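Notes follow once the structure below has been shown.
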Amino acid sequence: MIARKLALFGVVLLLVSGCGLFSSRPGPDQVANDFLTKLAAGDVDGAAGLTDDPTGAKELLGKVREVLKPAGMTAKVEQVRSSGESSTADATAQLDWDLGNDHAWSYQTEFDLRREEDDWKVHWAPSVVHPKLAAQQTLGVTEVQPPLAPVLDRDGTPLLSPEQVVSILLDSKEAGDVGAVAGALAAALTPIDAAITQQSIVDGVAKLPAGQVYQVAALRDPDYQTVKPAIYELPGVRFTSQTSLLAPSRTFGSQVLPAVRKAVEEEIAGQAGLRVYTVNAAGAEVETLHEQAPEPAQAISTGLSRTAQTAAEDALESVPQAAMLVALHAGTGEVLAVAQNGPADAEGAVALTGRYPPGSTFKIVTAAAALSTGQAAADSALPCPAKTTIDGRRIVPNDHEFDKGTIPLHSAFAFSCNTTFAELAAGMAPDGLTKTADTFGLGVDFDIPAITTITGSVPPASDVVERAEDGFGQGKVLASPFGMALVAATVASGKMPVPSLLRGRETKVDHTPTAPAPTVLEPLRAMMREVVESGTAPQLKPYGDVRGKTGTAQFGDGTNSHGWFVGYRGDVAFATLLLGTNSSAPAVDASARFLAALG
C-alpha cells in the first residue's frame, strides 16, 4: 500500500513538472537580449515585433537607422531586474554605434519589459533608443568639418589658405528675361573677371540640360560683398557658399598651385567631427547627445618660395609677349617658382612642359662637352669669324655677323660666337652632345608629385651639319624653361639635383646621370660669370654674383626668334624665356627684375 502511494505521488510530480516544461515562455532577460540582438543586426521588423507597440517602434527605429547610417552596432544586456511573479521588469543595456569614419557613440539606456498573458514584451518608448529621446522626437546627425589645412611655402608662409567662396547661380526658369538678368550680372562681375560677359552667361545657360542651374561665377567673399547689392535681388539668381583653398590672387602660381591643390585635396580635409542630437516634430534641434570634435589636418609644406614666385610673376607682368620663368633651389632641386604671364598661360603649362630651341644657352652643354673630352680648354684659342661654312653645305653666322677673330674659348662663350660652337660641335661624336646634356639633366624624365614636367631632348646627330646646328641650340635640340633651369642648377651644385615640389613626397627619376667633372664645372662657372662681367648680359652686374648665358633661338621660318637667359645666383638657379622678342635683351631685363626683387 505504501509502495503504491509513493508510485502515485511520483506520477503527480512528473505531471506537474511536465506541465511547466511544455508551457514555458522566454523570460524578460531572454526577450531583452533578443530585442537588442535584432536591434544591433539592423532587423527593425524583428526588434519592433518584440515590443508592445510594433508600429511605433518600427517607425522610430527605421528613422534612427536612416539618420545614423551605422556601419555597425553592438548591444548587450547588462542587467535585468524582476521580482518573483511580477509582470514587470526593467533592463539596463549598453549600446555601441559604429557611425563610420572612426566615429563611435556609446551609452547606456534603460527600458521596461511587461508580461502580456504569457509573453514578455519590451515596453516601447523613444527612451529605449536613448534615455534623452522624448515622445515625438527623433535623432539628427551632422558632420562637423575641420578647417582646411593650408599649403605653405618653404618659409611657412601660406600659398593656399582656406577662404569662403560664394557661387552665383542662375536658374533660367525663375529668371524670366534671361538676357536682362545676364546683362545685370555681367555689369557687376566683368570688373572682377573679364571673361564673364552677358553673352557668355546666355550661352552658358543655353548649353545646360533643362532644369539645371548655371554657375555664373565663384567669388571670394570680399569680392562677393562688393557686388552683392547689385545682384542679390535679381530674379532667378541664387547663392551657395563653401570653404575652398585659394591662392593669394586669381593668377598667383597659375601653373603650379592648382595642381598642388588637386594633389593634396584629400590630405588637407582632415577628419570630420560629428554631432548627434534630438530633433522635435517641427524639425528643430533640441539637445546635443553626442559630440566628436573634428581633427584638422597638418599643413602641407612645399619647397616653393612665395617671395620668389611673386618676384618672378612681377618680373614678367609687363612683358607683352608670352613669358615664363622657372626657378629651382640648386642644392636640393626644390621648385622655388613657376611663373607665366597671361599670354603664356593661354598656351598651357609651357614653363614646365613647353619644348623650344634653347639657342645659345645650349652653349653651356657644348662648352662642357668640349672641356670634358679635351677638345678645347677654357683658354684655347679658337676662331670666331663672322660666319663659317659647315661641311660645305651650311653657312652659320654670328648674330649680326660680328667677327672677333681668334679668341679664347671663354671669350667666345661670353660673346656667344655661333661660329666657334658650330665648329666645336661638328668635331664631336654623334652622341657627344647627347651624353653631355644628360649629365646636366636634359633628357632625364621625372615623375614629380603634383606636376608634369619635360626637360627636353638632345638626340644624337650623325649628320655633321645637324650636329653643328645643335652646338648653338638651333638644330633638333629642344628644351623647356624647367629643363634649362635644371642645367643651371647642375652647374651651380656640381651634380644634377632631383627636382621636387611637395616636401615628404619622393620624385621618381628614370635614371641618375653621371655628374659633370669638377674640371669641367670650374671653368664653365667662370665662363658664365664672364657673360655678365663683359659679355652679353651686363644688365645683371648690379645684382651680385650672377652667372649665366644668354640665347636667341630662331623658330618657324627663321625670321623671328625667342629670347633666353639661363643662370644662377647662389642657390637660386633659373631660366627665363620670352617668346618672339628677337633678342635676348628682354629676357635679361626680366631676369634683372627678378633678381632685384629677390634682394
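Identifiers in the C-alpha cells: chain A, B, ... in order shown; residue index from 1 per chain; ligand index from 1 in order shown.
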
If you run DSSP on this backbone, which residues of segment 523-589 of chain A come out as alpha helix (DSSP H), and could you give them as number ranges by chain? A: 523-534, 585-589

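Within the 7 Å cut-off around segment 499-510 of chain A, using only C-alpha atoms and omitting residues fewer than 6 positions from it on the same chain, the listed residues are Ser301, Thr302, Gly303, Leu304, Gly333, Glu334, Val335, Val444, Asp445, Phe446, Asp447, Ile448 and Pro449 of chain A.
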
Would you mind exporting C-alpha atoms of the selected residues as a compact mmCIF listing (two decimals), in the first residue's frame?
```
# COMPACT_ATOMS: atom_id res chain seq x y z
CA SER A 301 54.74 72.05 -46.83
CA THR A 302 56.30 72.74 -50.22
CA GLY A 303 59.68 73.83 -51.46
CA LEU A 304 58.11 76.80 -53.25
CA GLY A 333 66.27 70.72 -56.64
CA GLU A 334 63.17 72.10 -54.92
CA VAL A 335 60.99 74.14 -57.26
CA VAL A 444 66.02 62.98 -67.96
CA ASP A 445 62.40 62.13 -67.11
CA PHE A 446 60.97 62.92 -63.68
CA ASP A 447 57.74 61.89 -62.00
CA ILE A 448 57.26 64.81 -59.64
CA PRO A 449 54.17 64.52 -57.42
```

List every residue of segment 217-304 of chain A that has an atom at most 12 Å from any atom of segment 106-116 of chain A, giving for each one its closest atom pair and the distance in Å to one decimal, counting only C-alpha atoms, sorted by chain and then by ascending residue number, as JSON lines.
```
{"residue": "A:Val276", "atom": "CA", "partner": "A:Ser106", "partner_atom": "CA", "distance": 11.6}
{"residue": "A:Leu289", "atom": "CA", "partner": "A:Tyr107", "partner_atom": "CA", "distance": 9.8}
{"residue": "A:His290", "atom": "CA", "partner": "A:Ser106", "partner_atom": "CA", "distance": 8.9}
{"residue": "A:Glu291", "atom": "CA", "partner": "A:Ser106", "partner_atom": "CA", "distance": 11.3}
{"residue": "A:Gln292", "atom": "CA", "partner": "A:Ser106", "partner_atom": "CA", "distance": 11.8}
```

Got time to write the residues from that selection, N, CA and C atoms, as a PDB file, in the first residue's frame?
```
ATOM      1  N   VAL A 276      25.482  64.308 -32.741  1.00  0.00           N
ATOM      2  CA  VAL A 276      24.199  63.625 -32.747  1.00  0.00           C
ATOM      3  C   VAL A 276      23.301  64.377 -31.771  1.00  0.00           C
ATOM      4  N   LEU A 289      23.332  65.147 -27.981  1.00  0.00           N
ATOM      5  CA  LEU A 289      23.522  63.911 -27.234  1.00  0.00           C
ATOM      6  C   LEU A 289      24.969  63.422 -27.289  1.00  0.00           C
ATOM      7  N   HIS A 290      25.627  63.716 -28.397  1.00  0.00           N
ATOM      8  CA  HIS A 290      26.997  63.218 -28.579  1.00  0.00           C
ATOM      9  C   HIS A 290      27.734  64.172 -29.503  1.00  0.00           C
ATOM     10  N   GLU A 291      28.988  64.422 -29.164  1.00  0.00           N
ATOM     11  CA  GLU A 291      29.793  65.326 -29.990  1.00  0.00           C
ATOM     12  C   GLU A 291      31.216  64.805 -30.063  1.00  0.00           C
ATOM     13  N   GLN A 292      31.725  64.686 -31.285  1.00  0.00           N
ATOM     14  CA  GLN A 292      33.114  64.280 -31.502  1.00  0.00           C
ATOM     15  C   GLN A 292      33.784  65.393 -32.293  1.00  0.00           C
TER      16      GLN A 292
END
```

Hey, which of A:Tyr224, A:Tyr277, A:Trp120, A:Trp564 ends up closest to Ala32 of chain A? Count only C-alpha atoms. A:Trp120

Within 12 Å of segment 254-261 of chain A: each segment 119-164 of chain A residue with its shortest pair, only C-alpha atoms, as CSV:
```
residue,atom,partner,partner_atom,distance
A:Leu148,CA,A:Arg261,CA,11.2
A:Ala149,CA,A:Arg261,CA,10.8
A:Pro150,CA,A:Arg261,CA,9.7
A:Val151,CA,A:Arg261,CA,8.1
A:Leu152,CA,A:Leu257,CA,10.9
A:Asp153,CA,A:Leu257,CA,10.9
A:Pro158,CA,A:Leu257,CA,11.5
A:Leu159,CA,A:Leu257,CA,7.9
A:Leu160,CA,A:Leu257,CA,7.7
A:Ser161,CA,A:Arg261,CA,10.3
A:Pro162,CA,A:Arg261,CA,11.3
```

Write the residues of the selection above to a file with C-alpha atoms, as a PDB file, in the first residue's frame.
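Result saved to result29.pdb:
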```pdb
ATOM      1  CA  LEU A 148      41.099  73.041 -44.386  1.00  0.00           C
ATOM      2  CA  ALA A 149      44.814  72.801 -43.751  1.00  0.00           C
ATOM      3  CA  PRO A 150      46.864  75.432 -45.580  1.00  0.00           C
ATOM      4  CA  VAL A 151      49.636  74.805 -48.089  1.00  0.00           C
ATOM      5  CA  LEU A 152      52.819  76.566 -47.033  1.00  0.00           C
ATOM      6  CA  ASP A 153      55.929  77.693 -48.810  1.00  0.00           C
ATOM      7  CA  PRO A 158      50.734  80.377 -46.809  1.00  0.00           C
ATOM      8  CA  LEU A 159      50.456  79.750 -50.531  1.00  0.00           C
ATOM      9  CA  LEU A 160      46.940  78.304 -50.357  1.00  0.00           C
ATOM     10  CA  SER A 161      44.644  79.274 -47.489  1.00  0.00           C
ATOM     11  CA  PRO A 162      41.024  78.407 -46.673  1.00  0.00           C
TER      12      PRO A 162
END
```

Compile the contact shell of segment 79-83 of chain A as a PyMOL selection string: residues with an atom at most 8 Å away, counting only C-alpha atoms, same-chain residues fewer than 4 positions apart removed. chain A and resi 28-29+32+88-93

I need the residues from that last selection saved to file as a PDB file, in the first residue's frame (with C-alpha atoms), if you can.
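Written file, selection-v2.pdb:
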```pdb
ATOM      1  CA  PRO A  28      12.354  39.026 -19.582  1.00  0.00           C
ATOM      2  CA  ASP A  29      16.107  38.512 -19.713  1.00  0.00           C
ATOM      3  CA  ALA A  32      15.662  41.827 -23.673  1.00  0.00           C
ATOM      4  CA  THR A  88       7.119  43.838 -14.991  1.00  0.00           C
ATOM      5  CA  ALA A  89      10.892  44.012 -15.259  1.00  0.00           C
ATOM      6  CA  ASP A  90      13.456  46.617 -16.108  1.00  0.00           C
ATOM      7  CA  ALA A  91      16.666  46.248 -18.108  1.00  0.00           C
ATOM      8  CA  THR A  92      19.900  48.163 -18.455  1.00  0.00           C
ATOM      9  CA  ALA A  93      21.762  47.878 -21.742  1.00  0.00           C
TER      10      ALA A  93
END
```

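Closest approach to Gly253 of chain A among A:Arg275, A:Arg306, A:Lys549, A:Lys69 is made by A:Arg306 (distances from only C-alpha atoms).
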
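Here the question is which of A:Lys173, A:Lys121, A:Arg547, A:Lys132 gets nearest to Asp34 of chain A using only C-alpha atoms, and that residue is A:Lys121.
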
For the structure I just gave you, how does DSSP split segment 64-162 of chain A - specifically, which residues are strand (DSSP E or B)? Reply as number ranges by chain. A: 72-81, 88-98, 104-116, 119-122, 138-144, 151-152, 158-162

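Across A:Asp96, A:Asp391, A:Asp193, A:Glu59, the tightest approach to Lys76 of chain A is made by A:Asp96 when counting only C-alpha atoms.
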
I'd like the contact shell of Asn560 of chain A - 8 Å cut-off, only C-alpha atoms, skipping same-chain residues fewer than 4 positions apart - returned as a list in words. Gln554, Phe555, Gly556, Gly580, Thr581 and Asn582 of chain A

N, CA and C atoms of the current selection, written as an mmCIF file, in the first residue's frame:
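Saved the output as part_0.cif:
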```cif
data_model
loop_
_atom_site.group_PDB
_atom_site.id
_atom_site.type_symbol
_atom_site.label_atom_id
_atom_site.label_comp_id
_atom_site.auth_asym_id
_atom_site.auth_seq_id
_atom_site.Cartn_x
_atom_site.Cartn_y
_atom_site.Cartn_z
ATOM 1 N N GLN A 554 66.007 80.915 -83.103
ATOM 2 C CA GLN A 554 65.100 81.079 -84.231
ATOM 3 C C GLN A 554 64.033 79.987 -84.228
ATOM 4 N N PHE A 555 62.873 80.351 -84.727
ATOM 5 C CA PHE A 555 61.791 79.377 -84.832
ATOM 6 C C PHE A 555 61.010 79.656 -86.107
ATOM 7 N N GLY A 556 60.180 78.723 -86.497
ATOM 8 C CA GLY A 556 59.368 78.891 -87.708
ATOM 9 C C GLY A 556 60.242 78.981 -88.942
ATOM 10 N N GLY A 580 59.337 85.264 -79.080
ATOM 11 C CA GLY A 580 59.198 86.193 -80.192
ATOM 12 C C GLY A 580 59.754 87.577 -79.968
ATOM 13 N N THR A 581 60.722 87.729 -79.083
ATOM 14 C CA THR A 581 61.283 89.064 -78.817
ATOM 15 C C THR A 581 62.422 89.422 -79.767
ATOM 16 N N ASN A 582 62.943 88.426 -80.522
ATOM 17 C CA ASN A 582 64.021 88.634 -81.485
ATOM 18 C C ASN A 582 65.309 89.148 -80.856
#
```

Extract, using only C-alpha atoms, all DNA, RNA and protein residues at most 9 Å from segment 417-424 of chain A, discarding same-chain residues fewer than 5 positions from it, and format them as a PyMOL selection string. chain A and resi 360+363+366-367+370+375-376+382-390+396-399+402-404+409+411-412+465+467-472

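The smallest atom-to-atom distance between Gly179 of chain A and any of A:Pro460, A:Pro131, A:Pro481, A:Gly236, using only C-alpha atoms, is found for A:Gly236.
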
At a cut-off of 10 Å, using only C-alpha atoms, what residues contact Tyr568 of chain A? Leave out same-chain residues fewer than 5 positions from it and give the result as an MDAnalysis selection string. chainID A and resid 327:330 485 487:492 525 528:529 545:549 573:575 595

Export of prior selection with C-alpha atoms as a short mmCIF file (atom, residue, chain, number, x, y, z; two decimals), in the first residue's frame:
```
data_model
loop_
_atom_site.label_atom_id
_atom_site.label_comp_id
_atom_site.auth_asym_id
_atom_site.auth_seq_id
_atom_site.Cartn_x
_atom_site.Cartn_y
_atom_site.Cartn_z
CA ALA A 327 63.50 78.88 -60.54
CA LEU A 328 64.98 75.91 -58.67
CA HIS A 329 66.99 75.61 -55.48
CA ALA A 330 70.30 74.46 -56.89
CA ALA A 485 66.78 75.82 -65.05
CA VAL A 487 71.00 72.79 -66.37
CA ALA A 488 71.85 75.95 -64.42
CA ALA A 489 71.21 74.18 -61.11
CA THR A 490 73.59 71.39 -62.12
CA VAL A 491 76.36 73.88 -62.89
CA ALA A 492 75.79 75.61 -59.56
CA ARG A 525 81.25 78.65 -63.93
CA MET A 528 79.18 82.04 -67.14
CA ARG A 529 80.38 84.81 -64.88
CA ASP A 545 77.46 87.15 -58.32
CA VAL A 546 75.19 86.22 -61.21
CA ARG A 547 76.42 83.62 -63.69
CA GLY A 548 74.62 82.55 -66.83
CA LYS A 549 74.20 82.50 -70.56
CA ALA A 573 69.05 78.67 -60.48
CA PHE A 574 66.59 79.89 -63.09
CA ALA A 575 65.66 80.09 -66.73
CA LEU A 595 66.89 89.17 -59.02
#
```
